[in-house]
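Visitor: The following file, upload.pdb, comprises PDB, C-alpha atoms:
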```pdb
ATOM      1  CA  MET A 113      86.320 125.210 103.294
ATOM      2  CA  ASN A 114      85.077 125.218  99.703
ATOM      3  CA  VAL A 115      84.992 128.724  98.272
ATOM      4  CA  PRO A 116      84.458 128.698  94.491
ATOM      5  CA  ALA A 117      86.083 131.352  92.332
ATOM      6  CA  PRO A 118      84.414 132.748  89.204
ATOM      7  CA  GLY A 119      85.443 131.691  85.729
ATOM      8  CA  LEU A 120      86.727 128.219  86.575
ATOM      9  CA  PRO A 121      85.577 124.832  85.219
ATOM     10  CA  ALA A 122      83.133 122.770  87.264
ATOM     11  CA  ARG A 123      85.194 119.597  86.866
ATOM     12  CA  VAL A 124      88.816 118.738  86.127
ATOM     13  CA  ARG A 125      90.158 115.418  84.870
ATOM     14  CA  ILE A 126      93.432 114.553  86.530
ATOM     15  CA  HIS A 127      95.809 112.616  84.290
ATOM     16  CA  GLU A 128      97.822 110.686  86.888
ATOM     17  CA  VAL A 129     101.430 110.068  85.823
ATOM     18  CA  GLY A 130     103.050 108.781  89.028
ATOM     19  CA  ALA A 131     103.187 105.141  87.992
ATOM     20  CA  ARG A 132     105.047 105.993  84.785
ATOM     21  CA  ASP A 133     106.654 109.445  84.897
ATOM     22  CA  GLY A 134     107.227 109.119  88.627
ATOM     23  CA  LEU A 135     108.716 105.654  88.877
ATOM     24  CA  GLN A 136     110.859 105.894  85.730
ATOM     25  CA  ASN A 137     113.246 108.147  87.650
ATOM     26  CA  GLU A 138     113.839 105.881  90.624
ATOM     27  CA  LYS A 139     117.453 104.826  91.127
ATOM     28  CA  THR A 140     116.507 101.337  92.302
ATOM     29  CA  ALA A 141     114.111  98.964  90.615
ATOM     30  CA  VAL A 142     110.533  99.015  91.876
ATOM     31  CA  PRO A 143     109.101  95.465  91.860
ATOM     32  CA  THR A 144     106.393  94.809  89.301
ATOM     33  CA  GLN A 145     103.905  93.729  91.970
ATOM     34  CA  VAL A 146     104.443  97.006  93.846
ATOM     35  CA  LYS A 147     103.799  98.967  90.654
ATOM     36  CA  ALA A 148     100.613  96.990  90.059
ATOM     37  CA  GLU A 149      99.356  97.601  93.579
ATOM     38  CA  PHE A 150     100.215 101.303  93.230
ATOM     39  CA  VAL A 151      97.988 101.561  90.138
ATOM     40  CA  HIS A 152      95.186  99.637  91.847
ATOM     41  CA  ARG A 153      95.363 101.947  94.881
ATOM     42  CA  LEU A 154      95.329 105.050  92.676
ATOM     43  CA  ALA A 155      92.223 103.792  90.900
ATOM     44  CA  ALA A 156      90.535 102.982  94.216
ATOM     45  CA  ALA A 157      91.217 106.580  95.279
ATOM     46  CA  GLY A 158      89.103 107.757  92.345
ATOM     47  CA  LEU A 159      91.649 108.599  89.653
ATOM     48  CA  SER A 160      90.048 107.855  86.295
ATOM     49  CA  THR A 161      93.167 108.158  84.096
ATOM     50  CA  ILE A 162      96.382 106.511  85.270
ATOM     51  CA  GLU A 163      99.385 106.346  82.975
ATOM     52  CA  ALA A 164     100.563 102.801  83.526
ATOM     53  CA  THR A 165     103.968 102.314  81.889
ATOM     54  CA  SER A 166     106.084 102.945  78.819
ATOM     55  CA  PHE A 167     106.953 100.572  75.993
ATOM     56  CA  VAL A 168     110.404 101.970  75.329
ATOM     57  CA  HIS A 169     113.636 100.024  74.970
ATOM     58  CA  PRO A 170     114.886  98.901  78.422
ATOM     59  CA  LYS A 171     118.277 100.420  77.626
ATOM     60  CA  TRP A 172     116.761 103.908  77.748
ATOM     61  CA  VAL A 173     114.331 103.525  80.642
ATOM     62  CA  PRO A 174     115.345 100.407  82.601
ATOM     63  CA  GLN A 175     112.820 101.124  85.354
ATOM     64  CA  LEU A 176     109.973 100.354  82.965
ATOM     65  CA  ALA A 177     111.509  97.252  81.407
ATOM     66  CA  ASP A 178     108.715  95.144  82.932
ATOM     67  CA  ALA A 179     105.897  96.686  80.853
ATOM     68  CA  GLU A 180     104.911  93.285  79.399
ATOM     69  CA  GLN A 181     104.736  91.782  82.881
ATOM     70  CA  LEU A 182     102.943  94.746  84.473
ATOM     71  CA  PHE A 183     100.180  95.546  82.019
ATOM     72  CA  PRO A 184      98.331  92.195  82.276
ATOM     73  CA  LEU A 185      98.227  92.660  86.070
ATOM     74  CA  LEU A 186      96.100  95.774  85.531
ATOM     75  CA  ALA A 187      93.300  94.124  83.542
ATOM     76  CA  ASP A 188      90.809  94.607  86.372
ATOM     77  CA  VAL A 189      91.646  98.283  87.040
ATOM     78  CA  ASP A 190      88.597 100.515  86.639
ATOM     79  CA  ALA A 191      90.388 103.411  84.946
ATOM     80  CA  ALA A 192      91.811 104.427  81.595
ATOM     81  CA  LEU A 193      95.412 103.174  81.369
ATOM     82  CA  PRO A 194      97.419 105.099  78.768
ATOM     83  CA  VAL A 195     100.942 103.930  77.922
ATOM     84  CA  LEU A 196     103.845 105.701  76.228
ATOM     85  CA  VAL A 197     105.211 104.383  72.945
ATOM     86  CA  PRO A 198     108.174 105.953  71.122
ATOM     87  CA  ASN A 199     107.842 104.175  67.777
ATOM     88  CA  GLU A 200     106.044 101.438  65.857
ATOM     89  CA  ARG A 201     107.902  98.701  67.714
ATOM     90  CA  GLY A 202     106.657 100.080  71.009
ATOM     91  CA  LEU A 203     103.155 100.387  69.571
ATOM     92  CA  ASP A 204     103.197  96.730  68.507
ATOM     93  CA  ARG A 205     104.129  95.696  72.054
ATOM     94  CA  ALA A 206     101.383  97.841  73.569
ATOM     95  CA  LEU A 207      98.649  96.756  71.159
ATOM     96  CA  ALA A 208      99.558  93.099  71.631
ATOM     97  CA  LEU A 209      98.615  93.501  75.288
ATOM     98  CA  GLY A 210      95.342  95.232  74.539
ATOM     99  CA  ALA A 211      96.283  98.858  75.234
ATOM    100  CA  THR A 212      93.590 101.252  74.004
ATOM    101  CA  ARG A 213      95.194 104.581  74.945
ATOM    102  CA  ILE A 214      98.692 105.442  73.804
ATOM    103  CA  ALA A 215     100.895 108.502  73.976
ATOM    104  CA  VAL A 216     103.813 109.750  71.909
ATOM    105  CA  PHE A 217     106.312 112.206  73.341
ATOM    106  CA  GLY A 218     107.788 115.011  71.280
ATOM    107  CA  SER A 219     109.843 118.127  71.935
ATOM    108  CA  ALA A 220     109.371 121.790  71.134
ATOM    109  CA  THR A 221     113.162 122.234  70.931
ATOM    110  CA  GLU A 222     115.826 120.662  68.756
ATOM    111  CA  THR A 223     118.334 120.003  71.551
ATOM    112  CA  PHE A 224     115.898 118.070  73.712
ATOM    113  CA  ALA A 225     114.591 116.158  70.688
ATOM    114  CA  SER A 226     118.165 115.103  69.982
ATOM    115  CA  ARG A 227     118.895 114.102  73.573
ATOM    116  CA  ASN A 228     115.566 112.413  74.275
ATOM    117  CA  LEU A 229     114.804 110.777  70.910
ATOM    118  CA  ASN A 230     118.129 111.032  69.055
ATOM    119  CA  ARG A 231     116.293 112.837  66.252
ATOM    120  CA  THR A 232     115.467 116.316  65.040
ATOM    121  CA  VAL A 233     111.994 117.662  65.732
ATOM    122  CA  ALA A 234     111.005 116.987  62.111
ATOM    123  CA  GLU A 235     112.428 113.457  62.235
ATOM    124  CA  SER A 236     110.579 112.705  65.460
ATOM    125  CA  LEU A 237     107.297 113.868  63.948
ATOM    126  CA  ALA A 238     107.944 111.631  60.947
ATOM    127  CA  MET A 239     108.558 108.729  63.344
ATOM    128  CA  PHE A 240     105.259 109.430  65.135
ATOM    129  CA  GLU A 241     103.190 109.637  61.949
ATOM    130  CA  PRO A 242     102.711 105.892  61.354
ATOM    131  CA  VAL A 243     102.403 105.267  65.102
ATOM    132  CA  VAL A 244      99.502 107.693  65.446
ATOM    133  CA  ALA A 245      97.871 106.536  62.206
ATOM    134  CA  ARG A 246      97.990 102.860  63.148
ATOM    135  CA  ALA A 247      96.816 103.516  66.692
ATOM    136  CA  ARG A 248      93.872 105.558  65.446
ATOM    137  CA  GLN A 249      93.000 102.922  62.854
ATOM    138  CA  GLY A 250      92.852 100.402  65.691
ATOM    139  CA  GLY A 251      90.469 102.593  67.662
ATOM    140  CA  ALA A 252      93.014 103.773  70.226
ATOM    141  CA  HIS A 253      92.981 107.232  71.796
ATOM    142  CA  VAL A 254      96.247 109.089  71.165
ATOM    143  CA  ARG A 255      97.830 111.739  73.377
ATOM    144  CA  GLY A 256     100.741 113.859  72.213
ATOM    145  CA  TYR A 257     103.177 115.005  74.866
ATOM    146  CA  LEU A 258     105.125 118.131  74.039
ATOM    147  CA  SER A 259     108.169 118.778  76.223
ATOM    148  CA  MET A 260     110.095 122.024  76.788
ATOM    149  CA  CYS A 261     107.115 124.269  76.039
ATOM    150  CA  PHE A 262     108.334 127.106  78.260
ATOM    151  CA  GLY A 263     112.068 126.746  78.656
ATOM    152  CA  ASP A 264     114.933 124.454  77.707
ATOM    153  CA  PRO A 265     118.097 123.950  79.829
ATOM    154  CA  TRP A 266     120.286 124.145  76.718
ATOM    155  CA  GLU A 267     118.408 126.641  74.524
ATOM    156  CA  GLY A 268     116.888 128.900  77.181
ATOM    157  CA  ALA A 269     113.482 130.521  76.699
ATOM    158  CA  VAL A 270     111.389 128.813  74.027
ATOM    159  CA  PRO A 271     109.495 131.170  71.678
ATOM    160  CA  VAL A 272     105.725 130.752  71.868
ATOM    161  CA  HIS A 273     105.381 130.513  68.076
ATOM    162  CA  GLN A 274     107.850 127.613  68.051
ATOM    163  CA  VAL A 275     105.741 125.669  70.547
ATOM    164  CA  VAL A 276     102.549 126.415  68.622
ATOM    165  CA  SER A 277     104.114 125.125  65.398
ATOM    166  CA  VAL A 278     105.053 121.730  66.873
ATOM    167  CA  ALA A 279     101.773 121.476  68.787
ATOM    168  CA  LYS A 280      99.793 121.963  65.585
ATOM    169  CA  ALA A 281     101.964 119.392  63.824
ATOM    170  CA  LEU A 282     101.136 116.800  66.508
ATOM    171  CA  LEU A 283      97.421 117.483  66.140
ATOM    172  CA  ASP A 284      97.727 117.326  62.364
ATOM    173  CA  LEU A 285      99.198 113.831  62.730
ATOM    174  CA  GLY A 286      95.949 112.800  64.408
ATOM    175  CA  CYS A 287      96.587 113.164  68.146
ATOM    176  CA  ASP A 288      93.332 113.455  70.083
ATOM    177  CA  GLU A 289      94.831 115.664  72.777
ATOM    178  CA  LEU A 290      98.011 117.538  73.651
ATOM    179  CA  SER A 291      99.846 117.759  76.957
ATOM    180  CA  LEU A 292     101.940 120.919  77.228
ATOM    181  CA  GLY A 293     104.998 120.166  79.342
ATOM    182  CA  ASP A 294     106.935 122.618  81.480
ATOM    183  CA  THR A 295     109.725 120.070  81.697
ATOM    184  CA  ILE A 296     112.142 122.130  83.795
ATOM    185  CA  GLY A 297     109.515 124.064  85.717
ATOM    186  CA  VAL A 298     110.360 127.603  84.578
ATOM    187  CA  ALA A 299     106.878 128.717  83.469
ATOM    188  CA  THR A 300     104.985 131.525  85.174
ATOM    189  CA  PRO A 301     101.233 132.277  84.896
ATOM    190  CA  GLY A 302     101.488 135.015  82.268
ATOM    191  CA  HIS A 303     103.570 132.752  80.043
ATOM    192  CA  VAL A 304     100.979 129.976  80.443
ATOM    193  CA  GLN A 305      98.142 132.299  79.426
ATOM    194  CA  ALA A 306     100.136 133.625  76.470
ATOM    195  CA  LEU A 307     100.848 130.135  75.099
ATOM    196  CA  LEU A 308      97.250 128.984  75.502
ATOM    197  CA  SER A 309      95.994 132.146  73.787
ATOM    198  CA  ALA A 310      98.460 131.690  70.927
ATOM    199  CA  LEU A 311      97.296 128.096  70.463
ATOM    200  CA  ASN A 312      93.683 129.277  70.300
ATOM    201  CA  GLU A 313      94.602 131.909  67.729
ATOM    202  CA  ALA A 314      96.254 129.184  65.655
ATOM    203  CA  GLY A 315      93.067 127.127  65.700
ATOM    204  CA  VAL A 316      93.838 124.755  68.600
ATOM    205  CA  PRO A 317      90.778 124.523  70.880
ATOM    206  CA  THR A 318      91.370 124.601  74.620
ATOM    207  CA  ASP A 319      89.404 121.387  75.152
ATOM    208  CA  ARG A 320      92.124 119.450  73.331
ATOM    209  CA  VAL A 321      94.895 120.733  75.600
ATOM    210  CA  GLY A 322      96.151 119.479  78.955
ATOM    211  CA  VAL A 323      98.955 120.920  81.074
ATOM    212  CA  HIS A 324     101.916 119.210  82.729
ATOM    213  CA  PHE A 325     103.804 121.390  85.203
ATOM    214  CA  HIS A 326     106.923 120.705  87.231
ATOM    215  CA  ASP A 327     107.454 122.471  90.538
ATOM    216  CA  THR A 328     111.131 123.402  90.235
ATOM    217  CA  TYR A 329     110.501 127.041  91.218
ATOM    218  CA  GLY A 330     107.301 126.435  93.183
ATOM    219  CA  GLN A 331     105.095 127.645  90.328
ATOM    220  CA  ALA A 332     103.171 124.493  89.400
ATOM    221  CA  LEU A 333      99.937 125.322  91.237
ATOM    222  CA  SER A 334      99.878 128.965  90.177
ATOM    223  CA  ASN A 335     100.486 127.894  86.581
ATOM    224  CA  THR A 336      97.703 125.343  86.870
ATOM    225  CA  LEU A 337      95.297 127.987  88.140
ATOM    226  CA  ALA A 338      96.209 130.205  85.182
ATOM    227  CA  ALA A 339      95.418 127.308  82.837
ATOM    228  CA  LEU A 340      92.091 126.658  84.582
ATOM    229  CA  GLN A 341      91.183 130.329  84.201
ATOM    230  CA  HIS A 342      91.783 129.897  80.477
ATOM    231  CA  GLY A 343      89.399 126.929  80.369
ATOM    232  CA  VAL A 344      91.777 123.956  80.531
ATOM    233  CA  THR A 345      90.133 120.949  82.212
ATOM    234  CA  THR A 346      92.875 118.292  81.970
ATOM    235  CA  VAL A 347      95.801 118.533  84.370
ATOM    236  CA  ASP A 348      98.683 116.082  84.688
ATOM    237  CA  ALA A 349      99.924 115.318  88.188
ATOM    238  CA  SER A 350     101.930 112.689  90.022
ATOM    239  CA  ALA A 351     100.869 111.046  93.271
ATOM    240  CA  GLY A 352     103.189 112.162  96.048
ATOM    241  CA  GLY A 353     105.055 114.475  93.670
ATOM    242  CA  LEU A 354     107.142 111.634  92.247
ATOM    243  CA  GLY A 355     109.193 112.056  89.112
ATOM    244  CA  GLY A 356     110.966 114.485  86.868
ATOM    245  CA  CYS A 357     112.709 113.849  83.580
ATOM    246  CA  PRO A 358     115.716 111.515  83.123
ATOM    247  CA  TYR A 359     117.068 113.544  80.190
ATOM    248  CA  ALA A 360     116.873 117.006  81.813
ATOM    249  CA  LYS A 361     118.769 117.111  85.090
ATOM    250  CA  SER A 362     117.190 120.414  86.150
ATOM    251  CA  ALA A 363     113.709 118.887  85.964
ATOM    252  CA  THR A 364     112.574 118.248  89.523
ATOM    253  CA  GLY A 365     109.355 116.630  90.626
ATOM    254  CA  ASN A 366     105.989 116.825  88.973
ATOM    255  CA  LEU A 367     103.072 118.677  90.488
ATOM    256  CA  ALA A 368     101.876 116.474  93.368
ATOM    257  CA  THR A 369      98.389 115.117  92.790
ATOM    258  CA  GLU A 370      97.477 115.709  96.445
ATOM    259  CA  ASP A 371      98.496 119.376  96.269
ATOM    260  CA  LEU A 372      96.395 119.754  93.129
ATOM    261  CA  VAL A 373      93.362 118.029  94.673
ATOM    262  CA  TRP A 374      93.616 120.180  97.824
ATOM    263  CA  MET A 375      93.431 123.325  95.687
ATOM    264  CA  LEU A 376      90.643 122.004  93.459
ATOM    265  CA  ASP A 377      88.604 120.809  96.434
ATOM    266  CA  GLY A 378      88.944 124.253  97.996
ATOM    267  CA  LEU A 379      87.690 125.838  94.784
ATOM    268  CA  GLY A 380      84.702 123.515  94.663
ATOM    269  CA  ILE A 381      85.939 121.867  91.470
ATOM    270  CA  GLU A 382      84.998 118.195  91.118
ATOM    271  CA  THR A 383      87.716 115.604  90.483
ATOM    272  CA  GLY A 384      86.189 112.377  91.774
ATOM    273  CA  VAL A 385      89.321 111.833  93.887
ATOM    274  CA  ASP A 386      89.232 110.857  97.565
ATOM    275  CA  LEU A 387      92.077 112.933  99.024
ATOM    276  CA  ALA A 388      92.450 110.809 102.156
ATOM    277  CA  ALA A 389      92.740 107.591 100.145
ATOM    278  CA  LEU A 390      95.178 109.208  97.723
ATOM    279  CA  THR A 391      97.331 110.516 100.567
ATOM    280  CA  ALA A 392      97.407 107.062 102.151
ATOM    281  CA  THR A 393      98.512 105.626  98.806
ATOM    282  CA  SER A 394     101.395 108.083  98.513
ATOM    283  CA  VAL A 395     102.470 107.395 102.098
ATOM    284  CA  TRP A 396     102.418 103.674 101.272
ATOM    285  CA  MET A 397     104.551 104.207  98.160
ATOM    286  CA  ALA A 398     106.966 106.512  99.993
ATOM    287  CA  GLU A 399     107.549 103.743 102.521
ATOM    288  CA  ARG A 400     108.431 101.346  99.714
ATOM    289  CA  LEU A 401     110.791 103.878  98.158
ATOM    290  CA  GLY A 402     112.415 104.532 101.513
ATOM    291  CA  ARG A 403     111.919 108.290 101.664
ATOM    292  CA  PRO A 404     109.173 110.772 102.534
ATOM    293  CA  SER A 405     106.867 112.195  99.901
ATOM    294  CA  PRO A 406     107.801 115.699  98.693
ATOM    295  CA  SER A 407     104.094 116.621  98.515
ATOM    296  CA  ARG A 408     103.259 119.320 101.042
ATOM    297  CA  THR A 409      99.695 118.068 101.340
ATOM    298  CA  VAL A 410     100.807 114.487 101.965
ATOM    299  CA  ARG A 411     103.152 115.681 104.686
ATOM    300  CA  ALA A 412     100.529 117.910 106.296
ATOM    301  CA  LEU A 413      97.744 115.323 106.289
ATOM    302  CA  SER A 414      99.896 112.351 107.313
ATOM    303  CA  HIS A 415     101.470 114.393 110.138
ATOM    304  CA  LYS A 416      98.007 115.454 111.303
ATOM    305  CA  GLU A 417      97.023 111.811 111.547
TER
END
```
Will you turn the file into structure tokens for me?
Guide:
Amino acid sequence: MNVPAPGLPARVRIHEVGARDGLQNEKTAVPTQVKAEFVHRLAAAGLSTIEATSFVHPKWVPQLADAEQLFPLLADVDAALPVLVPNERGLDRALALGATRIAVFGSATETFASRNLNRTVAESLAMFEPVVARARQGGAHVRGYLSMCFGDPWEGAVPVHQVVSVAKALLDLGCDELSLGDTIGVATPGHVQALLSALNEAGVPTDRVGVHFHDTYGQALSNTLAALQHGVTTVDASAGGLGGCPYAKSATGNLATEDLVWMLDGLGIETGVDLAALTATSVWMAERLGRPSPSRTVRALSHKE
């Protein structure tokens, strides 16, 4: 039953990350054709933004080594298809295939920047500068991911002012939007509200911010609701709850897109997503991965059927 709550947005854009963030953590290789069909099914379910792949060196993320083979198979997909690029070499590969939405991925902490990008935070920002500039010059939309915004497995709690500083630096480079990542899932609603308020006070408007929560401690939906109450309208999620982070072992699965849609539907918030079709897609992918989906909504709806 749809029961709207006051103070929430009328519509939310779901930034689907299952095909990239989800599949990059699989132990066995997912065939390119399966990935392509996954993206097509997600689009058919109504998702308007589907992160397709990552143009990183195969040594670092072998599961996405087929980016050149996959992306042309998605030419007929009726959705925005952002791709991750770590540097100018990755950008060249993406632009050569006609990508029009790219993302760079930074860190709010020095330890994770070192482990994920083999650079300091400052060095990683310097690496992103020409990537963002060239992408923007070519008319591409640029998203800046910011990891470890709430806690870091090596450094512990991350000061809000530290996150704000790196977030502003990414916007100053020319990123069109930010995605605030709770990479190890330790955030709680008050912390979410405090960070969003601090960003506003530093001149970062809420409409340029998205949120990316992991469900390690079961807080992803409550954190999302806190962000919605603050005015955020872009939420990252992963079909079936796939994914985590290959460089942070305590990072469990992403917020499941189905769980998010169930909550948003109940609140009367439009997403454009057909929950039944999305659930069927995640069941289909779970069968190909050989294990059940961790999404509670997928399990409930597929069991009901």
Visitor: Taking all atoms listed in the file into account, name the residue in A:Gly251, A:Gly210, A:Gly286, A:Gly384 that is nearest to Ala156 in chain A.
Guide: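 The closest residue to Ala156 in chain A is A:Gly384.
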Visitor: Nearest to Val395 in chain A among A:Arg320, A:His273, A:Arg153, A:His303, with distances taken over only C-alpha atoms: which residue is it?
Guide: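 Closest residue, counting only C-alpha atoms: A:Arg153.
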Visitor: Please write the residues picked by the PyMOL selection byres ((chain A and resi 344) around 7) on this file as number ranges by chain.
Guide: A: 318-319, 321-322, 339-340, 342-343, 345-346
Visitor: Show me, as a list in words, the residues that have an atom within 12 Å of Pro184 in chain A when counting all atoms listed in the file, minus same-chain residues fewer than 6 positions from it.
Guide: Thr144, Gln145, Ala148, Ala164, Thr165, Asp178, Leu193, Ala206, Ala208, Leu209, Gly210 and Ala211 of chain A
Visitor: Kindly give the distance, in Å, that separates CA of Leu258 in chain A and CA of Gly218 in chain A, rounded to a single decimal.
Guide: 4.9 Å
Visitor: If you measure from CA of Glu222 in chain A to CA of His324 in chain A, what distance in Å do you get, rounded to one decimal?
Guide: 19.8 Å
Visitor: Within 10 Å of Leu285 in chain A, counting all atoms listed in the file, which residues qualify if same-chain residues fewer than 3 places away don't, as JSON, numbers by chain?
Guide: {"A": [237, 238, 240, 241, 242, 243, 244, 245, 256, 280, 281, 282, 288]}
Visitor: Apply the PyMOL selection byres ((chain A and resi 338) around 12) to the displayed file and report the matching residues as an MDAnalysis selection string.
Guide: chainID A and resid 119:121 299:309 323 325 331:337 339:345 347
Visitor: How about saving the chosen residues, C-alpha atoms kept, as a PDB file, in the frame of the given file?
Guide:
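Ended up saving to result12.pdb:
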```
ATOM      1  CA  GLY A 119      85.443 131.691  85.729  1.00  0.00           C
ATOM      2  CA  LEU A 120      86.727 128.219  86.575  1.00  0.00           C
ATOM      3  CA  PRO A 121      85.577 124.832  85.219  1.00  0.00           C
ATOM      4  CA  ALA A 299     106.878 128.717  83.469  1.00  0.00           C
ATOM      5  CA  THR A 300     104.985 131.525  85.174  1.00  0.00           C
ATOM      6  CA  PRO A 301     101.233 132.277  84.896  1.00  0.00           C
ATOM      7  CA  GLY A 302     101.488 135.015  82.268  1.00  0.00           C
ATOM      8  CA  HIS A 303     103.570 132.752  80.043  1.00  0.00           C
ATOM      9  CA  VAL A 304     100.979 129.976  80.443  1.00  0.00           C
ATOM     10  CA  GLN A 305      98.142 132.299  79.426  1.00  0.00           C
ATOM     11  CA  ALA A 306     100.136 133.625  76.470  1.00  0.00           C
ATOM     12  CA  LEU A 307     100.848 130.135  75.099  1.00  0.00           C
ATOM     13  CA  LEU A 308      97.250 128.984  75.502  1.00  0.00           C
ATOM     14  CA  SER A 309      95.994 132.146  73.787  1.00  0.00           C
ATOM     15  CA  VAL A 323      98.955 120.920  81.074  1.00  0.00           C
ATOM     16  CA  PHE A 325     103.804 121.390  85.203  1.00  0.00           C
ATOM     17  CA  GLN A 331     105.095 127.645  90.328  1.00  0.00           C
ATOM     18  CA  ALA A 332     103.171 124.493  89.400  1.00  0.00           C
ATOM     19  CA  LEU A 333      99.937 125.322  91.237  1.00  0.00           C
ATOM     20  CA  SER A 334      99.878 128.965  90.177  1.00  0.00           C
ATOM     21  CA  ASN A 335     100.486 127.894  86.581  1.00  0.00           C
ATOM     22  CA  THR A 336      97.703 125.343  86.870  1.00  0.00           C
ATOM     23  CA  LEU A 337      95.297 127.987  88.140  1.00  0.00           C
ATOM     24  CA  ALA A 339      95.418 127.308  82.837  1.00  0.00           C
ATOM     25  CA  LEU A 340      92.091 126.658  84.582  1.00  0.00           C
ATOM     26  CA  GLN A 341      91.183 130.329  84.201  1.00  0.00           C
ATOM     27  CA  HIS A 342      91.783 129.897  80.477  1.00  0.00           C
ATOM     28  CA  GLY A 343      89.399 126.929  80.369  1.00  0.00           C
ATOM     29  CA  VAL A 344      91.777 123.956  80.531  1.00  0.00           C
ATOM     30  CA  THR A 345      90.133 120.949  82.212  1.00  0.00           C
ATOM     31  CA  VAL A 347      95.801 118.533  84.370  1.00  0.00           C
TER      32      VAL A 347
END
```
Visitor: Measure the distance from CA of Asp264 in chain A to CA of Val278 in chain A in Å and round it to one decimal.
Guide: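 Taking CA of Asp264 in chain A as the start and CA of Val278 in chain A as the end point, the length is 14.9 Å.
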Visitor: Using the chain letters and numbers from the file, give me the residues hit by the PyMOL selection byres ((chain A and resi 198) around 6), as a ChimeraX atom specification.
Guide: /A:197,199,216
Visitor: Counting all atoms listed in the file, give me one row per residue of range 258-300 of chain A with an atom at most 7 Å from an atom of range 363-372 of chain A, showing the shortest contact pair and its distance in Å to one decimal, sorted by chain then residue number, as a Markdown table.
Guide:
```
| residue | atom | partner | partner_atom | distance |
| --- | --- | --- | --- | --- |
| A:Thr295 | CA | A:Ala363 | CA | 6.0 |
| A:Ile296 | CA | A:Ala363 | CA | 4.2 |
| A:Gly297 | CA | A:Ala363 | CA | 6.7 |
```
Visitor: Leaving out Ala269 in chain A and any residue of its chain fewer than 2 positions from it, which residues lie within 12 Å of it when counting all atoms listed in the file, given as a list in words?
Guide: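 Answer for this query is Ala220, Thr221, Met260, Cys261, Phe262, Gly263, Asp264, Pro265, Trp266, Glu267, Pro271, Val272, His273, Gln274, Val275, Asp294, Ile296, Gly297, Val298, Ala299 and His303 of chain A.
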Visitor: Could you write those residues out with C-alpha atoms, as a PDB file, in the frame of the given file?
Guide:
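Dumped everything to result27.pdb:
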```
ATOM      1  CA  ALA A 220     109.371 121.790  71.134  1.00  0.00           C
ATOM      2  CA  THR A 221     113.162 122.234  70.931  1.00  0.00           C
ATOM      3  CA  MET A 260     110.095 122.024  76.788  1.00  0.00           C
ATOM      4  CA  CYS A 261     107.115 124.269  76.039  1.00  0.00           C
ATOM      5  CA  PHE A 262     108.334 127.106  78.260  1.00  0.00           C
ATOM      6  CA  GLY A 263     112.068 126.746  78.656  1.00  0.00           C
ATOM      7  CA  ASP A 264     114.933 124.454  77.707  1.00  0.00           C
ATOM      8  CA  PRO A 265     118.097 123.950  79.829  1.00  0.00           C
ATOM      9  CA  TRP A 266     120.286 124.145  76.718  1.00  0.00           C
ATOM     10  CA  GLU A 267     118.408 126.641  74.524  1.00  0.00           C
ATOM     11  CA  PRO A 271     109.495 131.170  71.678  1.00  0.00           C
ATOM     12  CA  VAL A 272     105.725 130.752  71.868  1.00  0.00           C
ATOM     13  CA  HIS A 273     105.381 130.513  68.076  1.00  0.00           C
ATOM     14  CA  GLN A 274     107.850 127.613  68.051  1.00  0.00           C
ATOM     15  CA  VAL A 275     105.741 125.669  70.547  1.00  0.00           C
ATOM     16  CA  ASP A 294     106.935 122.618  81.480  1.00  0.00           C
ATOM     17  CA  ILE A 296     112.142 122.130  83.795  1.00  0.00           C
ATOM     18  CA  GLY A 297     109.515 124.064  85.717  1.00  0.00           C
ATOM     19  CA  VAL A 298     110.360 127.603  84.578  1.00  0.00           C
ATOM     20  CA  ALA A 299     106.878 128.717  83.469  1.00  0.00           C
ATOM     21  CA  HIS A 303     103.570 132.752  80.043  1.00  0.00           C
TER      22      HIS A 303
END
```
Visitor: Nearest to Ala131 in chain A among A:Leu283, A:Ala179, A:Met113, A:Val254, with distances taken over all atoms listed in the file: which residue is it?
Guide: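 Once distances to Ala131 in chain A are computed over all atoms listed in the file, the minimum belongs to A:Ala179.
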Visitor: From the list A:Thr161, A:Ser350, A:Thr212, A:Asn137, which residue is nearest Leu176 in chain A when using only C-alpha atoms?
Guide: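 Using only C-alpha atoms, the shortest distance to Leu176 in chain A belongs to A:Asn137.
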Visitor: Let me make sure I understand: among A:Gly130, A:Gly330, A:Gly352, A:Gly293, which one has the smallest atom-to-atom distance to Ala392 in chain A if we use all atoms listed in the file?
Guide: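 With all atoms listed in the file as the atom set, the closest residue is A:Gly352.
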